[in-house]
$ cat coords.cif   # mmCIF, C-alpha atoms
data_upload
loop_
_atom_site.label_atom_id
_atom_site.label_comp_id
_atom_site.auth_asym_id
_atom_site.auth_seq_id
_atom_site.Cartn_x
_atom_site.Cartn_y
_atom_site.Cartn_z
CA MET A 9 15.78 2.35 24.26
CA ILE A 10 14.95 4.62 21.30
CA GLY A 11 12.60 6.66 23.44
CA ILE A 12 15.22 7.12 26.14
CA ALA A 13 17.82 8.11 23.53
CA ALA A 14 15.45 10.68 22.01
CA ILE A 15 14.73 12.22 25.40
CA ALA A 16 18.46 12.41 26.15
CA VAL A 17 19.12 14.22 22.83
CA LEU A 18 16.30 16.65 23.55
CA ILE A 19 17.62 17.41 27.02
CA PHE A 20 21.17 17.90 25.69
CA SER A 21 19.98 20.25 22.95
CA THR A 22 18.00 22.30 25.44
CA VAL A 23 20.98 22.64 27.73
CA ILE A 24 23.26 23.66 24.85
CA ARG A 25 20.70 26.18 23.61
CA SER A 26 20.31 27.58 27.11
CA CYS A 27 24.07 27.97 27.52
CA SER A 28 24.35 29.61 24.10
CA ASN A 29 21.56 32.07 24.90
CA GLU A 30 23.32 33.05 28.10
CA LYS A 31 26.42 33.98 26.07
CA ILE A 32 24.55 36.16 23.52
CA VAL A 33 24.89 39.90 24.19
CA LEU A 34 21.71 41.71 23.19
CA ALA A 35 22.95 45.29 22.86
CA LYS A 36 22.72 47.99 20.23
CA VAL A 37 23.98 51.46 19.36
CA SER A 38 21.69 53.88 17.52
CA HIS A 39 24.11 55.13 14.83
CA VAL A 40 27.33 54.00 13.21
CA LEU A 41 27.93 57.35 11.46
CA VAL A 42 27.50 60.56 13.46
CA GLU A 43 28.76 64.13 13.60
CA THR A 44 30.68 65.67 16.46
CA ASP A 45 28.38 66.66 19.35
CA GLN A 46 25.60 64.46 17.91
CA ALA A 47 24.36 62.10 20.63
CA ILE A 48 24.22 58.36 20.07
CA SER A 49 21.97 56.12 22.13
CA PHE A 50 23.19 52.80 23.52
CA ALA A 51 21.24 50.07 25.31
CA ASP A 52 21.65 46.48 26.49
CA SER A 53 18.93 43.88 27.22
CA THR A 54 21.12 40.84 27.70
CA LYS A 55 19.50 38.17 29.86
CA GLY A 56 21.17 37.87 33.25
CA ALA A 57 23.19 41.06 32.85
CA ARG A 58 24.03 42.69 36.19
CA GLU A 59 27.04 44.84 35.36
CA TRP A 60 27.80 46.91 32.27
CA LEU A 61 30.93 48.68 31.11
CA TRP A 62 30.72 50.77 27.96
CA GLU A 63 34.13 51.90 26.65
CA PHE A 64 33.93 54.44 23.86
CA GLY A 65 37.39 54.12 22.37
CA ASN A 66 38.65 57.50 23.52
CA GLY A 67 39.15 56.80 27.21
CA ASP A 68 35.58 57.62 28.26
CA LYS A 69 33.54 54.96 30.08
CA LEU A 70 29.99 54.52 31.37
CA SER A 71 28.57 51.76 33.61
CA SER A 72 24.84 51.79 32.91
CA ALA A 73 22.58 49.52 30.87
CA ARG A 74 21.51 52.36 28.60
CA GLY A 75 22.21 56.01 27.96
CA GLN A 76 23.53 58.56 25.49
CA TYR A 77 26.98 59.73 24.51
CA SER A 78 28.48 62.25 22.05
CA TYR A 79 31.99 62.52 20.62
CA GLN A 80 33.84 65.85 20.54
CA GLU A 81 36.48 64.93 17.96
CA PRO A 82 36.12 63.35 14.49
CA GLY A 83 37.57 59.90 13.84
CA LYS A 84 36.80 56.19 13.95
CA TYR A 85 36.11 54.67 17.36
CA GLN A 86 35.52 51.11 18.55
CA ILE A 87 32.97 50.82 21.34
CA ARG A 88 33.32 47.82 23.64
CA LEU A 89 30.56 46.61 25.93
CA THR A 90 31.51 44.19 28.69
CA ILE A 91 28.71 42.31 30.48
CA ASN A 92 29.25 40.92 33.99
CA ASN A 93 32.97 41.34 33.46
CA GLU A 94 33.03 38.36 31.10
CA ARG A 95 31.02 38.78 27.89
CA GLU A 96 31.87 41.42 25.28
CA LYS A 97 30.43 43.02 22.18
CA TYR A 98 31.99 45.56 19.84
CA PHE A 99 30.60 48.41 17.72
CA LEU A 100 32.48 50.54 15.18
CA ILE A 101 31.51 54.25 15.08
CA GLU A 102 32.69 56.88 12.59
CA VAL A 103 32.50 60.51 13.70
CA LYS A 104 32.73 63.41 11.24
CA ASN A 105 32.74 67.16 11.51
CA PRO A 106 29.32 68.69 10.85
CA ILE A 107 28.63 69.87 7.30
CA ASP A 108 28.79 73.65 7.03
CA THR A 109 25.44 74.07 5.31
CA GLU A 110 25.64 77.84 5.50
CA SER A 111 28.93 77.89 3.62
CA GLN A 112 27.78 75.12 1.29
CA ASN A 113 24.70 77.04 0.27
CA SER A 114 26.18 80.55 0.45
CA ILE A 115 25.84 82.86 -2.52
CA ILE A 116 29.09 83.77 -4.24
CA SER A 117 29.89 87.48 -3.95
CA ILE A 118 32.75 89.92 -4.50
CA TYR A 119 34.51 91.92 -1.82
CA ALA A 120 36.23 94.91 -3.46
CA PRO A 121 36.16 98.73 -3.40
CA SER A 122 33.91 100.67 -5.76
CA LYS A 123 36.60 103.27 -6.47
CA ALA A 124 40.36 103.09 -6.98
CA MET A 125 43.20 105.21 -8.29
CA GLN A 126 44.90 104.53 -11.59
CA ASN A 127 47.92 102.18 -11.12
CA GLU A 128 46.86 101.44 -7.54
CA LEU A 129 46.96 97.78 -6.49
CA VAL A 130 43.38 96.80 -5.63
CA ILE A 131 42.42 93.75 -3.56
CA PHE A 132 39.63 91.59 -5.00
CA LYS A 133 38.31 88.76 -2.82
CA GLY A 134 35.75 86.08 -3.63
CA ILE A 135 33.26 85.30 -0.87
CA GLY A 136 31.55 81.89 -0.71
CA ASN A 137 32.26 78.20 -1.14
CA ALA A 138 33.83 77.25 -4.47
CA GLU A 139 36.91 75.51 -5.78
CA LYS A 140 37.49 77.31 -9.08
CA TRP A 141 37.68 81.10 -9.37
CA ARG A 142 37.98 83.07 -12.59
CA TRP A 143 38.37 86.86 -12.56
CA GLU A 144 37.95 89.21 -15.51
CA PHE A 145 38.72 92.80 -14.53
CA GLY A 146 37.38 94.34 -17.74
CA GLU A 147 40.55 95.97 -19.00
CA THR A 148 42.34 93.19 -20.88
CA GLY A 149 39.39 91.21 -22.23
CA MET A 150 40.96 88.06 -20.79
CA VAL A 151 40.86 85.97 -17.63
CA ASP A 152 43.18 87.92 -15.33
CA SER A 153 43.36 85.64 -12.27
CA ARG A 154 42.28 82.22 -11.01
CA GLU A 155 42.83 82.83 -7.31
CA LYS A 156 40.13 83.35 -4.69
CA LYS A 157 41.93 86.47 -3.46
CA THR A 158 43.92 88.49 -5.95
CA LEU A 159 45.47 91.90 -6.73
CA TYR A 160 45.06 94.01 -9.83
CA ALA A 161 46.09 97.53 -10.92
CA TYR A 162 44.24 99.36 -13.70
CA SER A 163 46.55 101.16 -16.12
CA GLN A 164 43.82 103.41 -17.53
CA PRO A 165 41.07 105.41 -15.78
CA GLY A 166 37.44 104.59 -16.45
CA ILE A 167 34.49 102.53 -15.22
CA TYR A 168 34.96 98.76 -15.41
CA ASP A 169 32.70 95.75 -14.92
CA VAL A 170 34.48 93.06 -12.92
CA LEU A 171 33.25 89.51 -13.63
CA LEU A 172 33.77 86.56 -11.27
CA SER A 173 32.86 83.02 -12.36
CA THR A 174 32.99 79.77 -10.36
CA GLU A 175 31.89 76.20 -10.89
CA THR A 176 28.90 76.84 -8.60
CA THR A 177 27.51 79.88 -10.42
CA LYS A 178 25.47 79.73 -13.61
CA TYR A 179 26.20 83.34 -14.56
CA PRO A 180 29.19 85.57 -13.64
CA ILE A 181 28.98 87.73 -10.52
CA ARG A 182 29.38 91.42 -11.41
CA HIS A 183 31.03 94.29 -9.59
CA GLN A 184 31.54 97.80 -10.95
CA ILE A 185 34.63 99.82 -10.09
CA GLU A 186 35.49 103.39 -11.04
CA VAL A 187 39.19 104.00 -11.67
CA ILE A 188 40.13 107.63 -11.15
CA ALA A 189 42.96 109.25 -13.11
CA GLN A 190 46.16 109.55 -11.14
CA TYR A 191 46.18 113.32 -11.57
CA GLN A 192 42.93 115.26 -11.73
CA GLU A 193 42.60 118.24 -14.08
CA ASN A 194 40.60 120.29 -11.59
CA ASP A 195 43.33 120.21 -8.98
CA THR A 196 46.43 119.91 -11.17
CA THR A 197 48.29 122.79 -9.50
CA ASP A 198 47.91 121.38 -6.00
CA VAL A 199 48.73 117.87 -7.12
CA LEU A 200 51.84 118.95 -9.02
CA SER A 201 53.06 120.83 -5.96
CA LEU A 202 52.70 117.70 -3.85
CA ILE A 203 54.46 115.64 -6.50
CA GLY A 204 57.31 118.13 -6.63
CA LEU A 205 57.66 117.97 -2.86
CA ASP A 206 57.73 114.18 -2.88
CA ILE A 207 60.32 114.05 -5.67
CA LYS A 208 62.41 116.64 -3.79
CA GLU A 209 62.45 114.47 -0.65
CA ASN A 210 63.49 111.38 -2.60
CA LEU A 211 66.23 113.22 -4.51
CA GLN A 212 67.55 114.63 -1.25
CA ALA A 213 67.64 111.11 0.19
CA ILE A 214 69.81 110.00 -2.76
CA ALA A 215 72.12 112.99 -2.21
CA LEU A 216 72.50 111.99 1.45
CA GLY A 217 73.68 108.52 0.45
CA LYS A 218 70.52 106.63 1.34
CA SER A 219 69.21 103.68 -0.70
CA PHE A 220 69.60 104.69 -4.35
CA ASN A 221 67.36 101.96 -5.78
CA LEU A 222 64.54 102.63 -3.32
CA HIS A 223 64.26 106.37 -3.96
CA TYR A 224 65.18 106.30 -7.67
CA ASN A 225 62.62 103.60 -8.48
CA LYS A 226 59.93 105.32 -6.45
CA ILE A 227 60.17 108.45 -8.60
CA LEU A 228 60.64 106.48 -11.82
CA ASN A 229 57.66 104.18 -11.34
CA LYS A 230 55.26 106.50 -9.56
CA TYR A 231 55.69 109.71 -11.56
CA LEU A 232 57.73 109.16 -14.73
CA CYS A 233 55.90 106.13 -16.16
CA GLN A 234 59.24 104.29 -16.00
CA ASP A 235 60.87 106.64 -18.50
CA ALA A 236 64.49 107.00 -17.33
CA ASN A 237 65.13 109.53 -20.14
CA THR A 238 62.78 112.13 -18.66
CA LEU A 239 64.36 115.58 -18.93
CA VAL A 240 65.85 117.12 -15.78
CA VAL A 241 66.73 120.82 -15.82
CA ILE A 242 69.16 121.86 -13.07
CA ASN A 243 69.15 125.50 -11.97
CA ASN A 244 67.67 126.43 -15.37
CA ASN A 245 70.99 126.07 -17.20
CA LYS A 246 72.10 122.42 -17.00
CA TYR A 247 70.39 119.42 -18.53
CA ASN A 248 70.40 115.67 -17.93
CA ASP A 249 68.25 112.61 -18.41
CA PHE A 250 66.73 111.46 -15.13
CA TYR A 251 68.93 108.38 -14.72
CA SER A 252 72.20 110.23 -15.35
CA TYR A 253 71.15 113.06 -13.04
CA CYS A 254 70.38 110.67 -10.18
CA GLN A 255 73.65 108.78 -10.68
CA GLY A 256 75.56 112.07 -10.52
CA LEU A 257 73.59 113.13 -7.47
CA LYS A 258 74.47 109.87 -5.81
CA ILE A 259 78.20 110.33 -6.31
CA VAL A 260 78.74 114.08 -6.29
CA GLY A 261 75.89 115.07 -4.07
CA LYS A 262 77.04 113.15 -1.04
CA ALA A 263 80.61 114.47 -1.31
CA ASN A 264 79.58 118.10 -1.85
CA LYS A 265 76.54 118.06 0.46
CA THR A 266 74.09 118.93 -2.30
CA ILE A 267 70.89 120.53 -1.06
CA ILE A 268 67.72 120.16 -3.15
CA GLU A 269 65.93 123.43 -2.55
CA ASN A 270 62.94 123.05 -4.85
CA VAL A 271 61.50 120.77 -7.53
CA LEU A 272 58.97 121.77 -10.19
CA VAL A 273 57.29 119.29 -12.52
CA ASP A 274 55.45 119.47 -15.85
CA LEU A 275 52.86 117.00 -17.09
CA ASP A 276 53.09 115.34 -20.46
CA LYS A 277 50.48 117.15 -22.55
CA GLU A 278 49.58 114.01 -24.48
CA ASN A 279 49.49 111.75 -21.46
CA ASN A 280 48.60 113.77 -18.37
CA THR A 281 49.39 110.87 -16.07
CA CYS A 282 53.18 111.15 -16.61
CA ILE A 283 55.75 113.78 -15.72
CA ASP A 284 57.84 114.72 -18.77
CA LYS A 285 60.05 117.43 -17.25
CA ILE A 286 61.60 117.98 -13.82
CA THR A 287 63.13 121.32 -12.87
CA VAL A 288 65.50 121.13 -9.90
CA ILE A 289 66.84 124.06 -7.92
CA GLN A 290 69.84 122.92 -5.91
CA TYR A 291 73.06 124.20 -4.38
CA ASP A 292 76.14 122.98 -2.56
CA SER A 293 75.96 123.78 1.15
CA ASN A 294 79.75 124.27 1.18
CA GLN A 295 79.46 127.08 -1.31
CA GLN A 296 77.56 130.32 -1.47
CA ILE A 297 73.93 129.87 -2.46
CA GLN A 298 73.45 130.72 -6.09
CA LYS A 299 69.93 131.01 -7.29
CA PRO A 300 69.01 131.61 -10.90
#

$ encode --input "coords.cif" --output "structure tokens"
Amino acid sequence: MIGIAAIAVLIFSTVIRSCSNEKIVLAKVSHVLVETDQAISFADSTKGAREWLWEFGNGDKLSSARGQYSYQEPGKYQIRLTINNEREKYFLIEVKNPIDTESQNSIISIYAPSKAMQNELVIFKGIGNAEKWRWEFGETGMVDSREKKTLYAYSQPGIYDVLLSTETTKYPIRHQIEVIAQYQENDTTDVLSLIGLDIKENLQAIALGKSFNLHYNKILNKYLCQDANTLVVINNNKYNDFYSYCQGLKIVGKANKTIIENVLVDLDKENNTCIDKITVIQYDSNQQIQKP
């Protein structure tokens, strides 16, 4: 009886083991972490398998025992393999964008002009992969900006060393820029004539009732170093500060159709970047032209 019982147990165990083996899915996927466009390999060697359905979690399907597949978009995907339309096995895949090794290993550099005019806004741009940017433009002796792309205007002419530091650089990146004086001594006459013409056009615009702030501030900031008390001589016999003159031009000029015939300018002898005197020749178009 014991022998028969032992044989029965052995037969039962064998049957159970056989049934269990038939339910085991012997499949694998080559990687669980991949980059977009990187192919993964998949294969199944399940005993008794006749039909395969690989579902890649994004709507794509394949019906072969083995093969390769690549994802086009980053994300987490669950792959499901169905054997003979009854047994299943799951795999979890994470897909990432490829690492930009070129950007990661790129050398930090500066994109900026080598020459600029005094008081001109200059664009400075950091090139490369970094999180922290620190600009020193050489004029203030301080950190002037912490942005990757920034603007700066030099108030004084000269040659300056621009320093850019980041958390990825051991030493600052250097760039030299030459700042040219707003008015050059060797062409002062020509430059002053152009300045006079520009001021004339802006004063005439004020007289015609156009935007006062736009044209007044253009002259004030660009040529007078923001000095509203700059002397204005009208027809060589009347005098005003610049602000009062422009206010009068705004009110009276429009009503009397003031015509600005000519504008002459003088440079400040101590600071040859500022105009310290404006001579205006003007007349009322409703009256006879009177020239000094």

$ residues_around --input "coords.cif" --residues "Glu59 in chain A" --least-positions-apart "3" --cutoff "12 Å" --atoms "all atoms listed in the file" --output "ChimeraX atom specification"
/A:52-56,62,70-74,89-96

$ residues_around --input "coords.cif" --residues "range 231-248 of chain A" --least-positions-apart "3" --cutoff "8 Å" --atoms "only C-alpha atoms" --output "ChimeraX atom specification"
/A:203,226-228,251-253,281-290,299-300

$ residues_near_point --input "coords.cif" --point "(34.1, 93.1, -12.9)" --cutoff "7 Å" --atoms "all atoms listed in the file" --output "MDAnalysis selection string"
chainID A and resid 144:146 168:172 182:184

$ atom_distance --input "coords.cif" --atom1 "CA of Leu34 in chain A" --atom2 "CA of Tyr85 in chain A"
20.2 Å

$ resolve_selection --input "coords.cif" --expression "the PyMOL selection byres ((chain A and resi 218-223) around 10)" --output "list in words"
Ile207, Glu209, Asn210, Leu211, Gln212, Ala213, Ile214, Ala215, Leu216, Gly217, Tyr224, Asn225, Lys226, Ile227, Leu228, Cys254, Gln255, Leu257, Lys258 and Lys262 of chain A

$ atom_distance --input "coords.cif" --atom1 "CA of Ile116 in chain A" --atom2 "CA of Gly166 in chain A"
25.5 Å

$ atom_distance --input "coords.cif" --atom1 "CA of Ala35 in chain A" --atom2 "CA of Lys69 in chain A"
16.1 Å

$ residues_around --input "coords.cif" --residues "Glu175 in chain A" --least-positions-apart "4" --cutoff "8 Å" --atoms "all atoms listed in the file" --output "number ranges by chain"
A: 138-141

$ resolve_selection --input "coords.cif" --expression "the PyMOL selection byres ((chain A and resi 162) around 12)" --output "PyMOL selection string"
chain A and resi 123-131+145-148+152+159-161+163-168+170+185-190

$ resolve_selection --input "coords.cif" --expression "the PyMOL selection byres ((chain A and resi 105) around 8)" --output "MDAnalysis selection string"
chainID A and resid 43:44 81:82 103:104 106:107

$ axis_aligned_box --input "coords.cif" --around "range 207-220 of chain A" --padding-each-side "8 Å" --output "lines of an AutoDock Vina configuration file"
center_x = 67.0
center_y = 110.2
center_z = -2.1
size_x = 29.4
size_y = 29.0
size_z = 23.1

$ build_atoms --input "coords.cif" --residues "range 224-243 of chain A" --atoms "N, CA, C and O atoms" --output "PDB file, in the frame of the given file"
ATOM      1  N   TYR A 224      65.183 106.136  -6.207  1.00  0.00           N
ATOM      2  CA  TYR A 224      65.180 106.300  -7.670  1.00  0.00           C
ATOM      3  C   TYR A 224      63.969 105.609  -8.286  1.00  0.00           C
ATOM      4  O   TYR A 224      63.246 106.203  -9.093  1.00  0.00           O
ATOM      5  N   ASN A 225      63.738 104.358  -7.898  1.00  0.00           N
ATOM      6  CA  ASN A 225      62.620 103.600  -8.480  1.00  0.00           C
ATOM      7  C   ASN A 225      61.270 104.147  -8.056  1.00  0.00           C
ATOM      8  O   ASN A 225      60.297 104.044  -8.815  1.00  0.00           O
ATOM      9  N   LYS A 226      61.208 104.729  -6.872  1.00  0.00           N
ATOM     10  CA  LYS A 226      59.930 105.320  -6.450  1.00  0.00           C
ATOM     11  C   LYS A 226      59.536 106.451  -7.387  1.00  0.00           C
ATOM     12  O   LYS A 226      58.389 106.534  -7.841  1.00  0.00           O
ATOM     13  N   ILE A 227      60.470 107.341  -7.678  1.00  0.00           N
ATOM     14  CA  ILE A 227      60.170 108.450  -8.600  1.00  0.00           C
ATOM     15  C   ILE A 227      59.893 107.923  -9.997  1.00  0.00           C
ATOM     16  O   ILE A 227      58.933 108.326 -10.665  1.00  0.00           O
ATOM     17  N   LEU A 228      60.754 107.015 -10.455  1.00  0.00           N
ATOM     18  CA  LEU A 228      60.640 106.480 -11.820  1.00  0.00           C
ATOM     19  C   LEU A 228      59.296 105.806 -12.055  1.00  0.00           C
ATOM     20  O   LEU A 228      58.625 106.066 -13.068  1.00  0.00           O
ATOM     21  N   ASN A 229      58.887 104.960 -11.145  1.00  0.00           N
ATOM     22  CA  ASN A 229      57.660 104.180 -11.340  1.00  0.00           C
ATOM     23  C   ASN A 229      56.398 104.965 -11.016  1.00  0.00           C
ATOM     24  O   ASN A 229      55.372 104.797 -11.677  1.00  0.00           O
ATOM     25  N   LYS A 230      56.474 105.813 -10.017  1.00  0.00           N
ATOM     26  CA  LYS A 230      55.260 106.500  -9.560  1.00  0.00           C
ATOM     27  C   LYS A 230      54.918 107.725 -10.402  1.00  0.00           C
ATOM     28  O   LYS A 230      53.739 108.019 -10.622  1.00  0.00           O
ATOM     29  N   TYR A 231      55.954 108.431 -10.903  1.00  0.00           N
ATOM     30  CA  TYR A 231      55.690 109.710 -11.560  1.00  0.00           C
ATOM     31  C   TYR A 231      56.147 109.784 -13.020  1.00  0.00           C
ATOM     32  O   TYR A 231      55.601 110.569 -13.790  1.00  0.00           O
ATOM     33  N   LEU A 232      57.143 109.009 -13.397  1.00  0.00           N
ATOM     34  CA  LEU A 232      57.730 109.160 -14.730  1.00  0.00           C
ATOM     35  C   LEU A 232      57.295 108.077 -15.709  1.00  0.00           C
ATOM     36  O   LEU A 232      57.838 108.005 -16.818  1.00  0.00           O
ATOM     37  N   CYS A 233      56.358 107.231 -15.311  1.00  0.00           N
ATOM     38  CA  CYS A 233      55.900 106.130 -16.160  1.00  0.00           C
ATOM     39  C   CYS A 233      57.075 105.285 -16.640  1.00  0.00           C
ATOM     40  O   CYS A 233      57.113 104.834 -17.802  1.00  0.00           O
ATOM     41  N   GLN A 234      58.059 105.131 -15.767  1.00  0.00           N
ATOM     42  CA  GLN A 234      59.240 104.290 -16.000  1.00  0.00           C
ATOM     43  C   GLN A 234      60.104 104.782 -17.156  1.00  0.00           C
ATOM     44  O   GLN A 234      60.846 104.010 -17.760  1.00  0.00           O
ATOM     45  N   ASP A 235      60.044 106.061 -17.439  1.00  0.00           N
ATOM     46  CA  ASP A 235      60.870 106.640 -18.500  1.00  0.00           C
ATOM     47  C   ASP A 235      62.124 107.256 -17.878  1.00  0.00           C
ATOM     48  O   ASP A 235      62.095 108.387 -17.365  1.00  0.00           O
ATOM     49  N   ALA A 236      63.238 106.534 -17.930  1.00  0.00           N
ATOM     50  CA  ALA A 236      64.490 107.000 -17.330  1.00  0.00           C
ATOM     51  C   ALA A 236      65.104 108.154 -18.107  1.00  0.00           C
ATOM     52  O   ALA A 236      66.050 108.804 -17.622  1.00  0.00           O
ATOM     53  N   ASN A 237      64.600 108.441 -19.326  1.00  0.00           N
ATOM     54  CA  ASN A 237      65.130 109.530 -20.140  1.00  0.00           C
ATOM     55  C   ASN A 237      64.396 110.848 -19.923  1.00  0.00           C
ATOM     56  O   ASN A 237      64.632 111.826 -20.651  1.00  0.00           O
ATOM     57  N   THR A 238      63.506 110.895 -18.954  1.00  0.00           N
ATOM     58  CA  THR A 238      62.780 112.130 -18.660  1.00  0.00           C
ATOM     59  C   THR A 238      63.767 113.279 -18.425  1.00  0.00           C
ATOM     60  O   THR A 238      64.781 113.121 -17.734  1.00  0.00           O
ATOM     61  N   LEU A 239      63.461 114.423 -19.003  1.00  0.00           N
ATOM     62  CA  LEU A 239      64.360 115.580 -18.930  1.00  0.00           C
ATOM     63  C   LEU A 239      64.404 116.158 -17.523  1.00  0.00           C
ATOM     64  O   LEU A 239      63.362 116.378 -16.889  1.00  0.00           O
ATOM     65  N   VAL A 240      65.635 116.436 -17.042  1.00  0.00           N
ATOM     66  CA  VAL A 240      65.850 117.120 -15.780  1.00  0.00           C
ATOM     67  C   VAL A 240      66.630 118.395 -16.066  1.00  0.00           C
ATOM     68  O   VAL A 240      67.717 118.355 -16.663  1.00  0.00           O
ATOM     69  N   VAL A 241      66.080 119.525 -15.651  1.00  0.00           N
ATOM     70  CA  VAL A 241      66.730 120.820 -15.820  1.00  0.00           C
ATOM     71  C   VAL A 241      67.239 121.268 -14.461  1.00  0.00           C
ATOM     72  O   VAL A 241      66.456 121.395 -13.513  1.00  0.00           O
ATOM     73  N   ILE A 242      68.550 121.510 -14.356  1.00  0.00           N
ATOM     74  CA  ILE A 242      69.160 121.860 -13.070  1.00  0.00           C
ATOM     75  C   ILE A 242      69.507 123.342 -13.076  1.00  0.00           C
ATOM     76  O   ILE A 242      70.279 123.817 -13.920  1.00  0.00           O
ATOM     77  N   ASN A 243      68.906 124.063 -12.134  1.00  0.00           N
ATOM     78  CA  ASN A 243      69.150 125.500 -11.970  1.00  0.00           C
ATOM     79  C   ASN A 243      68.945 126.283 -13.271  1.00  0.00           C
ATOM     80  O   ASN A 243      69.603 127.302 -13.532  1.00  0.00           O
TER      81      ASN A 243
END
